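Participant: Okay, here's the structure, questions in a sec.
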Amino acid sequence: MSESPSDIAVEAELSLPSGLTRERLLGAYKTMCLSRVLDVRIWTLNRQGKAAIAASAQGHEAAQLGTVLATDPTRDRYLIYYRQLTAMLALGTTPTEMLMQFLARDGEILSAARQFPLHGAHPRVDLFSFSNVVGTQLPQAVGVALADKMKGRDAVTISFFGDGAASQGDCHEAMNFAGIHKVPVVFLCENNRYAISVPLEQQMPVDSIASRASSYGIPGIEVDGTDVVATYEAVKEAVDRARSGGGASLVELRVERLLPHTTDDDHTRYRSKEDIERIASMDPLPITEAMLKRQGILDQATDDEFKEWARREVDDATDEAEATPFPPVGDMYEKVLESDAGGNSRA
Amino acid sequence: MSESPSDIAVEAELSLPSGLTRERLLGAYKTMCLSRVLDVRIWTLNRQGKAAIAASAQGHEAAQLGTVLATDPTRDRYLIYYRQLTAMLALGTTPTEMLMQFLARDGEILSAARQFPLHGAHPRVDLFSFSNVVGTQLPQAVGVALADKMKGRDAVTISFFGDGAASQGDCHEAMNFAGIHKVPVVFLCENNRYAISVPLEQQMPVDSIASRASSYGIPGIEVDGTDVVATYEAVKEAVDRARSGGGASLVELRVERLLPHTTDDDHTRYRSKEDIERIASMDPLPITEAMLKRQGILDQATDDEFKEWARREVDDATDEAEATPFPPVGDMYEKVLESDAGGNSRA
Amino acid sequence: MREATLVPEMTLIESVRETLRMEMRRDPDIFMLGEDIGPRGGVFLASEGFVDEFGEGRIMNTPLAESSIIGIALGAAVNGMRPVAEIQFADFVWPAINQLVGEAARVRYGTNGGKFAPMTVRVPYGGGVRGGLYHSQSIEVLFAHTPGLQVIAPATPWDARGLLRSAIRSNDPTVFLEHKRTYRLVRGEAPDREYTEPIGKADVKRAGSDVTLVTYGLMLHYSLQAAEMVSQSDGIETEVVDLRTLRPIDGETILDSVSQTGRAMIVQEDTGAVSVSSEVAAIIASEGFFDLDAPVNRVTAPEIPPMPFSPLQEAEYMPSPEKIAASIRRLAEV
Amino acid sequence: MREATLVPEMTLIESVRETLRMEMRRDPDIFMLGEDIGPRGGVFLASEGFVDEFGEGRIMNTPLAESSIIGIALGAAVNGMRPVAEIQFADFVWPAINQLVGEAARVRYGTNGGKFAPMTVRVPYGGGVRGGLYHSQSIEVLFAHTPGLQVIAPATPWDARGLLRSAIRSNDPTVFLEHKRTYRLVRGEAPDREYTEPIGKADVKRAGSDVTLVTYGLMLHYSLQAAEMVSQSDGIETEVVDLRTLRPIDGETILDSVSQTGRAMIVQEDTGAVSVSSEVAAIIASEGFFDLDAPVNRVTAPEIPPMPFSPLQEAEYMPSPEKIAASIRRLAEV
Ligand SMILES: Cc1ncc(C[n+]2csc(CCOP(=O)(O)OP(=O)(O)O)c2C)c(N)n1
Ligand SMILES: Cc1ncc(C[n+]2csc(CCOP(=O)(O)OP(=O)(O)O)c2C)c(N)n1
Ligand SMILES: [Mg+2]
Ligand SMILES: [Mg+2]
């Protein structure tokens with residue numbers, strides 16, 4: 001029996017993992033488009049001297065979308081780090097809200113512009129990042145999940161981290177405890193093979209972070225993080241396991257960091273020209289676009305529409321954020337402690 | 001072909017691993033006898049109010065002897081913790097020198113009685129333990145071995161640690177670095193299944209610490225630490241590997257801690273009666289004695305002689321140590337920095 | 001706060017245990033975690049018998065990994081629990097500093113109040129117990145310096161109970177320092193009810209008009225002894241101010257006392273350079289300067305690592321009642 | 001120390017890089033380790049080009065694991081090497097505290113001199129760089145408190161070179177604090193030879209008879225500006241003492257100056273409670289009391305976590321030349 005292209009597409013469609021509809025996939029792609037336009041804009045704002053610093057999610061979009069799709073934002077919890085721009089959009093944060101972080105404007109939702117972008121706590125989703133200190137979120141995530149287990153709640157905690165964080169002692173301690181107490185946490189590693197300039201082979205003597213799961217008695221799986229469906233499937237399995245009392249998992253998403261570490265970095269100092277050229281082929285946007293078109297989920301008109309929409313959204317958001325003033329100076333003295341009586345914030 | 005008992009003994013003798021002669025084994029057993037008598041004496045001195053604290057090596061003797069036999073004290077380095085009483089004796093520390101540590105006497109060799117027993121640096125062997133903070137010696141050992149590698153010296157560093165230390169972030173970081181840079185270190189875990197009162201299953205979700213070696217790209221092996229020959233063999237292989245440029249290894253020696261954690265502890269609070277009774281059968285002294293007798297290496301007269309000798313040695317050492325005064329008070333102000341000029345030790 | 005109905009005398013460690021038990025009974029969101037706190041009851045027996053009453057779910061033995069103890073406590077705290085973590089000895093708090101000072105202290109501020117961390121970290125500290133360099137440390141400096149933390153160091157069973165209760169009920173991270181030497185040495189009574197003592201308030205433990213002596217922890221007891229000695233021998237009356245809280249430091253009570261006496265000294269077990277004693281001296285030098293008749297005097301440990309295992313050297317290291325008394329006399333004579 | 005033959009002006013970061021390079025060339029036992037110090041040259045380019053000159057064996061990129069960076073440096077130091085470790089930002093030194101304060105600081109003492117640790121830990125610190133809560137911290141307090149450590153905080157290229165050389169050549173663990181804001185802001189000349197500056201000695205950077213101002217790091221420059229402002233506007237002459245070393249603190253130089261001026265203030269970027277400024281005030285209050293004509297004054301950051309990302313709030317957080325000048329005026333008037 002010979003297969004025509006449309007047969008293949010149908011077959012692929014039929015094999016979508018449970019919970020992942022064509023509509024959700026299309027929506028995810030739309031968010032990816034938005035994320036990319038926003039990401040480029042932020043970089044531009046930095047070059048214009050308006051945004052002090054930014055870490056880009058370019059290259060990580062499919063990984064983050066696949067992950068968020070596999071969770072339930074109404075009850076799950078997300079401990080992020082600085083690179084989860086796409087995840088935040090997928091969780092309903094608006095482009096204006098994102099830009100106000102980078103521009104440190106009054107009303108910034110996560111930390112009132114006290115912190116770097118993507119740090120603080122979200123007012124609508126249980127998403128947070130207390131600090132910029134790499135790896136600290138891992139034991140914290142275990143504690144968050146432990147509290148849910150203690151209270152008998154069916155929330156699952158997603159702890160995002162990078163390959164760099166995997167070298168920290170905190171990573172070992174967190175996974176070990178999670179393994180012992182079977183807490184409902186998913187350790188979600190976006191492995192882009194670099195901690196700033198340090199390549200994977202100088203970070204660890206093994207190829208796979210997921211393989212370390214066996215040290216902690218938890219399942220570990222390595223997935224192509226440019227494949228949104230494969231990511232969804234792996235994370236979904238881990239989330240379901242956690243939710244049903246099966247404890248922790250480690251999911252490693254292999255991605256490429258398409259840009260330098262942050263706007264302060266210049267990766268030509270430490271990456272070869274060939275490598276930089278090669279990773280362009282790992283861009284999850286064209287990969288996802290092609291996949292969706294092959295499957296008949298996306299047509300060119302819709303694609304154009306998405307991209308146009310994303311540009312408008314980001315333009316509007318930029319205007320709105322730039323029109324917003326910085327926070328009142330006096331606000332900085334508040335909320336050190338619940339009660340600042342006793343001289344704690346006396347200048 | 002039927003085997004008589006003496007045939008078996010000869011066969012066992014012939015199978016002694018290279019470098020381990022009958023004479024060395026007998027000498028090791030003699031040191032084990034000394035260690036045991038000394039260990040008991042120290043406990044008694046504590047109960048008499050003379051020694052502030054002691055951690056016992058009882059149960060760990062064969063593991064430590066097998067380890068030391070596999071190394072070369074004239075060039076290798078030993079980072080110990082508080083439980084390596086037997087290893088210290090095997091490395092030529094005298095019973096008097098050991099007792100002066102416990103009694104905090106003037107001239108105490110490791111730290112001038114500034115520190116707990118078994119802490120400080122040895123004047124004759126490159127053996128040291130800077131602190132009592134569990135796990136800190138692991139990255140330090142990697143640094144020590146790295147220096148040897150950098151200088152092209154063929155020394156091997158043995159880093160002793162317990163199962164408890166395996167949970168520390170420092171353990172992960174140390175093994176990871178050692179794996180990346182192939183430094184000549186042997187991670188030597190004396191796994192007695194308890195960190196004070198916390199049993200192994202509350203410390204980690206896996207059965208074997210050695211199995212974690214794969215996370216660090218290094219060989220890991222689990223050995224019966226009551227078997228001095230098996231221990232020797234495993235450690236020797238690891239030492240040879242390190243010395244010949246093959247990098248780090250993890251050797252896990254399974255032992256039982258026959259006494260409470262320290263003289264301050266009461267293990268009946270957390271170990272069952274049956275468990276405490278059961279572990280008596282894991283005492284490496286009778287195990288080694290029986291093995292040596294079976295092999296025709298030890299006869300009863302020699303055994304009696306060893307034990308009598310050990311008692312005399314320890315009696316004499318006790319007298320000598322007790323007759324020694326405490327260190328002069330003023331000495332405590334010295335050696336904070338190389339030059340204490342500038343007010344660093346001003347009171 | 002001092003009242004008629006008192007419970008019988010108990011030791012400081014008993015008062016800690018009693019308070020933990022009562023709070024655990026009161027609030028199911030409280031749980032304890034730490035090394036050996038389960039069947040062993042903690043190495044100082046602060047949780048003796050707890051695992052039988054509250055179960056392993058609320059009395060969690062942890063692996064030997066201090067950073068995760070605090071990190072996990074922090075995560076649980078921001079998610080509705082009220083953890084009480086035990087660091088077995090203060091000397092082992094260093095691996096946990098990142099999670100405590102770097103993270104927990106800034107959660108409320110860094111999220112603009114979006115999250116907060118109602119967690120208590122109990123830390124047995126201090127020397128005079130033949131602990132040598134690694135079981136004797138005073139570790140208060142960094143915590144007392146850090147905005148976002150509360151730091152408590154009670155010296156009596158009364159204060160330990162009232163302040164531990166305040167710490168556990170507080171919605172901010174609190175480091176609760178228990179001096180190991182006081183555990184069994186110090187006995188005292190306390191009100192027979194669920195009272196609290198206010199965080200951030202010092203307490204005048206002895207009235208006096210000649211010299212103000214500011215102190216905390218074990219040194220309170222040595223200072224009170226010294227105050228009696230100089231009162232009897234020289235008629236010098238020392239006002240002894242027990243800080244009780246090291247962050248925030250109660251400048252008001254200190255300055256009030258100095259305004260009466262005109263002479264100030266600080267006694268602490270920790271080494272002096274860049275320490276709590278420095279801050280108290282600085283507060284007095286800047287805000288109480290015109291009340292002062294004499295230099296501010298400090299009695300502290302010498303600038304060497306704390307503290308030798310050798311018993312005579314250990315004794316030399318610690319400020320003693322005699323040394324404190326000599327200092328009071330010298331200060332009164334200036 | 002000030003001499004005729006000077007190398008041309010360079011920035012502070014250039015002076016650090018230059019000194020590291022010269023020391024690396026001089027002594028093959030020196031090696032560097034840290035995150036991104038290899039081909040990237042460090043995030044501040046302190047080791048730019050080093051990997052080409054010295055190779056990967058001496059310029060080691062490490063995994064992202066600060067505790068092991070210091071622990072490994074320590075192990076190598078006691079075994080014949082002279083490691084220079086870089087902590088990428090001061091804010092990330094907390095995971096390494098156990099190895100640095102708990103271990104390295106006590107190696108010599110705890111082994112009665114049997115081992116010692118000739119290691120330097122370079123720590124870029126401080127704010128004013130839009131770094132927010134986790135790229136702006138001043139972390140000197142704990143180090144300055146710890147016996148067994150040396151703590152250096154230079155403010156000029158001259159001092160950075162002379163003191164970094166002293167640190168690397170010292171046989172004790174030294175924390176070398178480089179203020180990030182000074183890296184490119186501050187330029188200066190230096191002697192054209194391998195000179196050292198002494199650890200533990202403050203330096204009078206401006207002479208003056210009215211007020212003694214003690215400071216260090218970036219605040220030296222703001223203080224010098226402030227001193228010029230009040231000199232021109234009010235004729236007040238401020239003596240500016242640059243501590244340069246935070247452990248040990250050079251009390252003598254401070255007290256000498258105060259004995260001339262009778263008025264003392266401290267300016268620091270860090271928060272005030274239990275800090276270096278507290279110690280300086282305490283030294284003056286106890287040893288310089290009779291020279292004082294006015295209360296000791298402190299200009300520090302407010303007691304909130306350092307420091308907001310928002311630019312206006314960041315500016316408000318940092319002591320500015322204007323604020324310092326106002327303080328000098330107030331103090332001179334008392
Ligand atoms: C404890 C700590 N050390 C160093 C840094 C500086 N730093 C920021 S991001 C980073 C690399 C992180 O790499 P990775 O975890 O792989 O995340 P990625 O940026 O690649 O997504 C480093 C070293 C930090 N923030 N925290
Ligand atoms: C960092 C740290 N935490 C806690 C302690 C207190 N403590 C001393 S020994 C010990 C247990 C160590 O267990 P293990 O490593 O298995 O060694 P063992 O005593 O069983 O030989 C503990 C918790 C310590 N010394 N250091
Ligand atoms: Mg990465
Ligand atoms: Mg053990």
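Just remember, in the structure tokens the first chain shown is A, the second B, etc., residues are 1-based per chain, and ligands are 1-based in the order shown.
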Compile the residues of chain B that lie within 8 Å of chain A, evaluated using only C-alpha atoms, and express the compilation as a PyMOL selection string.

Facilitator: chain B and resi 167-173+176-177+179-180+201-206+211-212+214-217

Participant: Against chain B, which residues of chain C fall within 7 Å? For each one I want the closest pair of atoms and the distance in Å (one decimal), counting only C-alpha atoms, rows by chain and increasing residue number, as CSV.

Facilitator:
```
residue,atom,partner,partner_atom,distance
C:Asp36,CA,B:Ser197,CA,5.6
C:Pro39,CA,B:Tyr270,CA,5.4
C:Arg40,CA,B:Arg269,CA,5.7
C:Asn61,CA,B:Val198,CA,6.7
C:Thr62,CA,B:Gln203,CA,6.7
C:Pro63,CA,B:Gln203,CA,4.4
C:Leu64,CA,B:Gly164,CA,5.6
C:Ala65,CA,B:Gln168,CA,4.7
C:Phe92,CA,B:Val133,CA,6.3
C:Arg130,CA,B:Ala52,CA,6.7
C:Gly132,CA,B:Gln115,CA,5.2
C:Leu133,CA,B:Gln115,CA,6.0
C:Tyr134,CA,B:Asn132,CA,5.9
C:Ala301,CA,B:Ala347,CA,6.8
C:Pro302,CA,B:Ala347,CA,3.9
C:Glu303,CA,B:Ser345,CA,4.6
C:Ile304,CA,B:Ser345,CA,5.9
C:Pro308,CA,B:Arg114,CA,4.3
C:Phe309,CA,B:Arg114,CA,4.8
C:Ser310,CA,B:Ala104,CA,5.3
C:Leu312,CA,B:Val329,CA,6.2
C:Gln313,CA,B:Val329,CA,5.1
```

Participant: Pick from A:Ala147, A:Val142, A:Leu45, A:Ala57: nearest to ligand 3, with only C-alpha atoms and all ligand atoms counted?

Facilitator: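 For ligand 3, the nearest of the given residues is A:Ala57.
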
Participant: Between C:Gln260, C:Asn98, C:Ser47, C:Ser15, which has the minimum distance to Gly288 of chain C (counting only C-alpha atoms)?

Facilitator: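 Ranked by minimum distance to Gly288 of chain C, first place goes to C:Gln260.
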
Participant: DSSP on the backbone, strand (DSSP E or B) only: what residues of segment 162-331 of chain D does that give? Format it as an MDAnalysis selection string.

Facilitator: chainID D and resid 174:179 187:191 203:206 211:215 238:242 245:247 264:271 297:301

Participant: Give me, as number ranges by chain, the residues of chain C touching chain D, with the criterion being at most 9 Å (counting only C-alpha atoms).

Facilitator: C: 67, 91-99, 101-102, 105-106, 109-110, 133-134, 141-142, 144-148, 247-249, 271-290, 294-298, 303-306, 308

Participant: List the neighbours of Phe31 of chain D out to 8 Å using only C-alpha atoms; skip same-chain residues closer than 2 positions along the sequence, and give me the result as a count of residues only.

Facilitator: 12

Participant: Report as a VMD selection string: the residues of segment 201-267 of chain B with a DSSP assignment of alpha helix (DSSP H), based on the backbone of this structure.

Facilitator: chain B and resid 201 to 203 228 to 243

Participant: So which residues touch segment 123-129 of chain C within 6 Å, counting only C-alpha atoms, skipping near sequence neighbours fewer than 4 positions away, as a PDB file with N, CA, C and O atoms, in the first residue's frame?

Facilitator:
```
ATOM      1  N   ILE C  87      19.235  22.930  62.245  1.00  0.00           N
ATOM      2  CA  ILE C  87      20.622  22.726  61.821  1.00  0.00           C
ATOM      3  C   ILE C  87      21.313  22.132  63.029  1.00  0.00           C
ATOM      4  O   ILE C  87      21.298  22.712  64.104  1.00  0.00           O
ATOM      5  N   PHE C  89      24.266  21.567  64.342  1.00  0.00           N
ATOM      6  CA  PHE C  89      25.167  22.463  65.068  1.00  0.00           C
ATOM      7  C   PHE C  89      25.357  23.698  64.182  1.00  0.00           C
ATOM      8  O   PHE C  89      25.431  23.576  62.952  1.00  0.00           O
ATOM      9  N   ALA C  90      25.515  24.846  64.812  1.00  0.00           N
ATOM     10  CA  ALA C  90      25.704  26.091  64.062  1.00  0.00           C
ATOM     11  C   ALA C  90      26.855  25.978  63.062  1.00  0.00           C
ATOM     12  O   ALA C  90      26.810  26.544  61.969  1.00  0.00           O
ATOM     13  N   SER C 136      31.597  24.677  68.193  1.00  0.00           N
ATOM     14  CA  SER C 136      31.615  25.757  69.184  1.00  0.00           C
ATOM     15  C   SER C 136      31.250  27.115  68.605  1.00  0.00           C
ATOM     16  O   SER C 136      31.198  28.094  69.329  1.00  0.00           O
ATOM     17  N   GLN C 137      31.002  27.159  67.305  1.00  0.00           N
ATOM     18  CA  GLN C 137      30.973  28.464  66.657  1.00  0.00           C
ATOM     19  C   GLN C 137      29.775  29.338  67.030  1.00  0.00           C
ATOM     20  O   GLN C 137      28.683  28.851  67.288  1.00  0.00           O
ATOM     21  N   SER C 138      30.049  30.618  67.046  1.00  0.00           N
ATOM     22  CA  SER C 138      29.014  31.647  67.082  1.00  0.00           C
ATOM     23  C   SER C 138      28.873  32.148  65.652  1.00  0.00           C
ATOM     24  O   SER C 138      29.845  32.610  65.063  1.00  0.00           O
ATOM     25  N   PHE C 176      16.764  31.124  64.850  1.00  0.00           N
ATOM     26  CA  PHE C 176      16.587  31.020  66.304  1.00  0.00           C
ATOM     27  C   PHE C 176      17.821  30.339  66.889  1.00  0.00           C
ATOM     28  O   PHE C 176      18.035  29.144  66.703  1.00  0.00           O
ATOM     29  N   LEU C 177      18.635  31.132  67.557  1.00  0.00           N
ATOM     30  CA  LEU C 177      19.923  30.649  68.048  1.00  0.00           C
ATOM     31  C   LEU C 177      19.804  30.174  69.489  1.00  0.00           C
ATOM     32  O   LEU C 177      19.433  30.950  70.375  1.00  0.00           O
ATOM     33  N   GLU C 178      20.116  28.911  69.704  1.00  0.00           N
ATOM     34  CA  GLU C 178      20.046  28.340  71.047  1.00  0.00           C
ATOM     35  C   GLU C 178      21.460  28.028  71.508  1.00  0.00           C
ATOM     36  O   GLU C 178      22.160  27.246  70.865  1.00  0.00           O
ATOM     37  N   HIS C 179      21.862  28.650  72.592  1.00  0.00           N
ATOM     38  CA  HIS C 179      23.238  28.420  73.047  1.00  0.00           C
ATOM     39  C   HIS C 179      23.340  27.048  73.711  1.00  0.00           C
ATOM     40  O   HIS C 179      22.678  26.774  74.706  1.00  0.00           O
ATOM     41  N   LYS C 180      24.219  26.219  73.162  1.00  0.00           N
ATOM     42  CA  LYS C 180      24.312  24.836  73.622  1.00  0.00           C
ATOM     43  C   LYS C 180      24.665  24.719  75.105  1.00  0.00           C
ATOM     44  O   LYS C 180      24.189  23.836  75.790  1.00  0.00           O
TER      45      LYS C 180
END
```

Participant: Mind checking which residues fall within 10 Å of Leu38 of chain A, counting only C-alpha atoms, ignoring those fewer than 3 positions away in the same chain, and posting them as a VMD selection string?

Facilitator: chain A and resid 32 to 35 41 to 44 56 85 to 86 89 95 to 96 98 to 99 310 to 311 313 to 315 317 to 318

Participant: May I have the residues from that selection written out with N, CA, C and O atoms, as a PDB file, in the first residue's frame?

Facilitator:
```pdb
ATOM      1  N   MET A  32       4.461  30.667  20.136  1.00  0.00           N
ATOM      2  CA  MET A  32       5.872  30.657  19.757  1.00  0.00           C
ATOM      3  C   MET A  32       6.208  31.849  18.872  1.00  0.00           C
ATOM      4  O   MET A  32       7.260  32.478  19.015  1.00  0.00           O
ATOM      5  N   CYS A  33       5.294  32.136  17.957  1.00  0.00           N
ATOM      6  CA  CYS A  33       5.516  33.309  17.087  1.00  0.00           C
ATOM      7  C   CYS A  33       5.592  34.575  17.927  1.00  0.00           C
ATOM      8  O   CYS A  33       6.464  35.428  17.728  1.00  0.00           O
ATOM      9  N   LEU A  34       4.684  34.688  18.865  1.00  0.00           N
ATOM     10  CA  LEU A  34       4.663  35.869  19.732  1.00  0.00           C
ATOM     11  C   LEU A  34       5.966  35.959  20.528  1.00  0.00           C
ATOM     12  O   LEU A  34       6.580  37.031  20.645  1.00  0.00           O
ATOM     13  N   SER A  35       6.377  34.832  21.056  1.00  0.00           N
ATOM     14  CA  SER A  35       7.593  34.796  21.870  1.00  0.00           C
ATOM     15  C   SER A  35       8.795  35.265  21.056  1.00  0.00           C
ATOM     16  O   SER A  35       9.614  36.059  21.530  1.00  0.00           O
ATOM     17  N   ARG A  41      12.431  41.890  19.968  1.00  0.00           N
ATOM     18  CA  ARG A  41      12.181  43.273  20.391  1.00  0.00           C
ATOM     19  C   ARG A  41      12.980  43.614  21.651  1.00  0.00           C
ATOM     20  O   ARG A  41      13.569  44.695  21.775  1.00  0.00           O
ATOM     21  N   ILE A  42      12.988  42.680  22.583  1.00  0.00           N
ATOM     22  CA  ILE A  42      13.703  42.929  23.838  1.00  0.00           C
ATOM     23  C   ILE A  42      15.192  43.143  23.570  1.00  0.00           C
ATOM     24  O   ILE A  42      15.820  44.047  24.130  1.00  0.00           O
ATOM     25  N   TRP A  43      15.719  42.319  22.698  1.00  0.00           N
ATOM     26  CA  TRP A  43      17.138  42.472  22.333  1.00  0.00           C
ATOM     27  C   TRP A  43      17.374  43.862  21.742  1.00  0.00           C
ATOM     28  O   TRP A  43      18.357  44.534  22.060  1.00  0.00           O
ATOM     29  N   THR A  44      16.461  44.285  20.884  1.00  0.00           N
ATOM     30  CA  THR A  44      16.558  45.620  20.295  1.00  0.00           C
ATOM     31  C   THR A  44      16.501  46.701  21.366  1.00  0.00           C
ATOM     32  O   THR A  44      17.274  47.667  21.347  1.00  0.00           O
ATOM     33  N   SER A  56      17.781  35.439  26.215  1.00  0.00           N
ATOM     34  CA  SER A  56      16.828  35.106  25.167  1.00  0.00           C
ATOM     35  C   SER A  56      16.336  33.675  25.291  1.00  0.00           C
ATOM     36  O   SER A  56      17.080  32.786  25.722  1.00  0.00           O
ATOM     37  N   LEU A  85      10.927  32.828  28.952  1.00  0.00           N
ATOM     38  CA  LEU A  85      10.055  33.829  28.339  1.00  0.00           C
ATOM     39  C   LEU A  85       8.860  33.176  27.652  1.00  0.00           C
ATOM     40  O   LEU A  85       7.709  33.603  27.830  1.00  0.00           O
ATOM     41  N   THR A  86       9.115  32.152  26.878  1.00  0.00           N
ATOM     42  CA  THR A  86       8.039  31.496  26.146  1.00  0.00           C
ATOM     43  C   THR A  86       7.058  30.832  27.104  1.00  0.00           C
ATOM     44  O   THR A  86       5.834  30.934  26.930  1.00  0.00           O
ATOM     45  N   LEU A  89       4.718  33.386  28.546  1.00  0.00           N
ATOM     46  CA  LEU A  89       3.656  33.779  27.611  1.00  0.00           C
ATOM     47  C   LEU A  89       2.615  32.665  27.513  1.00  0.00           C
ATOM     48  O   LEU A  89       1.410  32.921  27.529  1.00  0.00           O
ATOM     49  N   PRO A  95       2.435  40.353  26.694  1.00  0.00           N
ATOM     50  CA  PRO A  95       3.684  41.003  26.249  1.00  0.00           C
ATOM     51  C   PRO A  95       3.960  42.295  27.006  1.00  0.00           C
ATOM     52  O   PRO A  95       5.121  42.596  27.313  1.00  0.00           O
ATOM     53  N   THR A  96       2.948  43.059  27.311  1.00  0.00           N
ATOM     54  CA  THR A  96       3.183  44.280  28.078  1.00  0.00           C
ATOM     55  C   THR A  96       3.761  43.935  29.442  1.00  0.00           C
ATOM     56  O   THR A  96       4.726  44.562  29.903  1.00  0.00           O
ATOM     57  N   MET A  98       5.466  41.423  30.213  1.00  0.00           N
ATOM     58  CA  MET A  98       6.849  40.985  30.033  1.00  0.00           C
ATOM     59  C   MET A  98       7.778  42.180  29.816  1.00  0.00           C
ATOM     60  O   MET A  98       8.850  42.279  30.424  1.00  0.00           O
ATOM     61  N   LEU A  99       7.356  43.087  28.964  1.00  0.00           N
ATOM     62  CA  LEU A  99       8.232  44.222  28.657  1.00  0.00           C
ATOM     63  C   LEU A  99       8.437  45.124  29.866  1.00  0.00           C
ATOM     64  O   LEU A  99       9.520  45.710  30.029  1.00  0.00           O
ATOM     65  N   ALA A 310       1.461  38.893  15.972  1.00  0.00           N
ATOM     66  CA  ALA A 310       2.524  38.970  16.975  1.00  0.00           C
ATOM     67  C   ALA A 310       3.225  40.329  16.913  1.00  0.00           C
ATOM     68  O   ALA A 310       3.470  40.963  17.935  1.00  0.00           O
ATOM     69  N   ARG A 311       3.509  40.787  15.687  1.00  0.00           N
ATOM     70  CA  ARG A 311       4.171  42.089  15.555  1.00  0.00           C
ATOM     71  C   ARG A 311       3.308  43.212  16.138  1.00  0.00           C
ATOM     72  O   ARG A 311       3.807  44.075  16.849  1.00  0.00           O
ATOM     73  N   GLU A 313       0.970  42.955  18.428  1.00  0.00           N
ATOM     74  CA  GLU A 313       0.919  42.800  19.886  1.00  0.00           C
ATOM     75  C   GLU A 313       2.172  43.388  20.550  1.00  0.00           C
ATOM     76  O   GLU A 313       2.093  44.097  21.542  1.00  0.00           O
ATOM     77  N   VAL A 314       3.292  43.061  19.954  1.00  0.00           N
ATOM     78  CA  VAL A 314       4.550  43.494  20.553  1.00  0.00           C
ATOM     79  C   VAL A 314       4.745  45.000  20.366  1.00  0.00           C
ATOM     80  O   VAL A 314       5.234  45.690  21.263  1.00  0.00           O
ATOM     81  N   ASP A 315       4.334  45.509  19.224  1.00  0.00           N
ATOM     82  CA  ASP A 315       4.393  46.972  19.016  1.00  0.00           C
ATOM     83  C   ASP A 315       3.554  47.686  20.073  1.00  0.00           C
ATOM     84  O   ASP A 315       4.016  48.628  20.726  1.00  0.00           O
ATOM     85  N   ALA A 317       2.512  46.590  22.890  1.00  0.00           N
ATOM     86  CA  ALA A 317       3.055  46.365  24.238  1.00  0.00           C
ATOM     87  C   ALA A 317       4.260  47.278  24.482  1.00  0.00           C
ATOM     88  O   ALA A 317       4.434  47.827  25.575  1.00  0.00           O
ATOM     89  N   THR A 318       5.068  47.435  23.459  1.00  0.00           N
ATOM     90  CA  THR A 318       6.242  48.301  23.612  1.00  0.00           C
ATOM     91  C   THR A 318       5.798  49.732  23.919  1.00  0.00           C
ATOM     92  O   THR A 318       6.328  50.376  24.835  1.00  0.00           O
TER      93      THR A 318
END
```

Participant: Excluding segment 153-161 of chain A and residues on its chain fewer than 6 positions from it, collect all residues at most 6 Å away from it, counting only C-alpha atoms, and give them as a list in words.

Facilitator: Arg75, Asp76, Arg77, Tyr78, Leu79, Ile80, Ala141, Ala145, Pro184, Val185, Val186, Phe187, Leu188, Cys189 and Arg243 of chain A

Participant: Find, counting only C-alpha atoms and all ligand atoms, the residue in B:Leu138, B:Ile221, B:Ala55, B:Leu91 that gets nearest to ligand 4.

Facilitator: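 Comparing B:Leu138, B:Ile221, B:Ala55, B:Leu91 against ligand 4, the winner is B:Ala55.
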
Participant: Just to confirm, what's the straight-line distance from atom CA of Val78 of chain D to atom CA of Thr111 of chain D in Å (one decimal)?

Facilitator: 11.3 Å
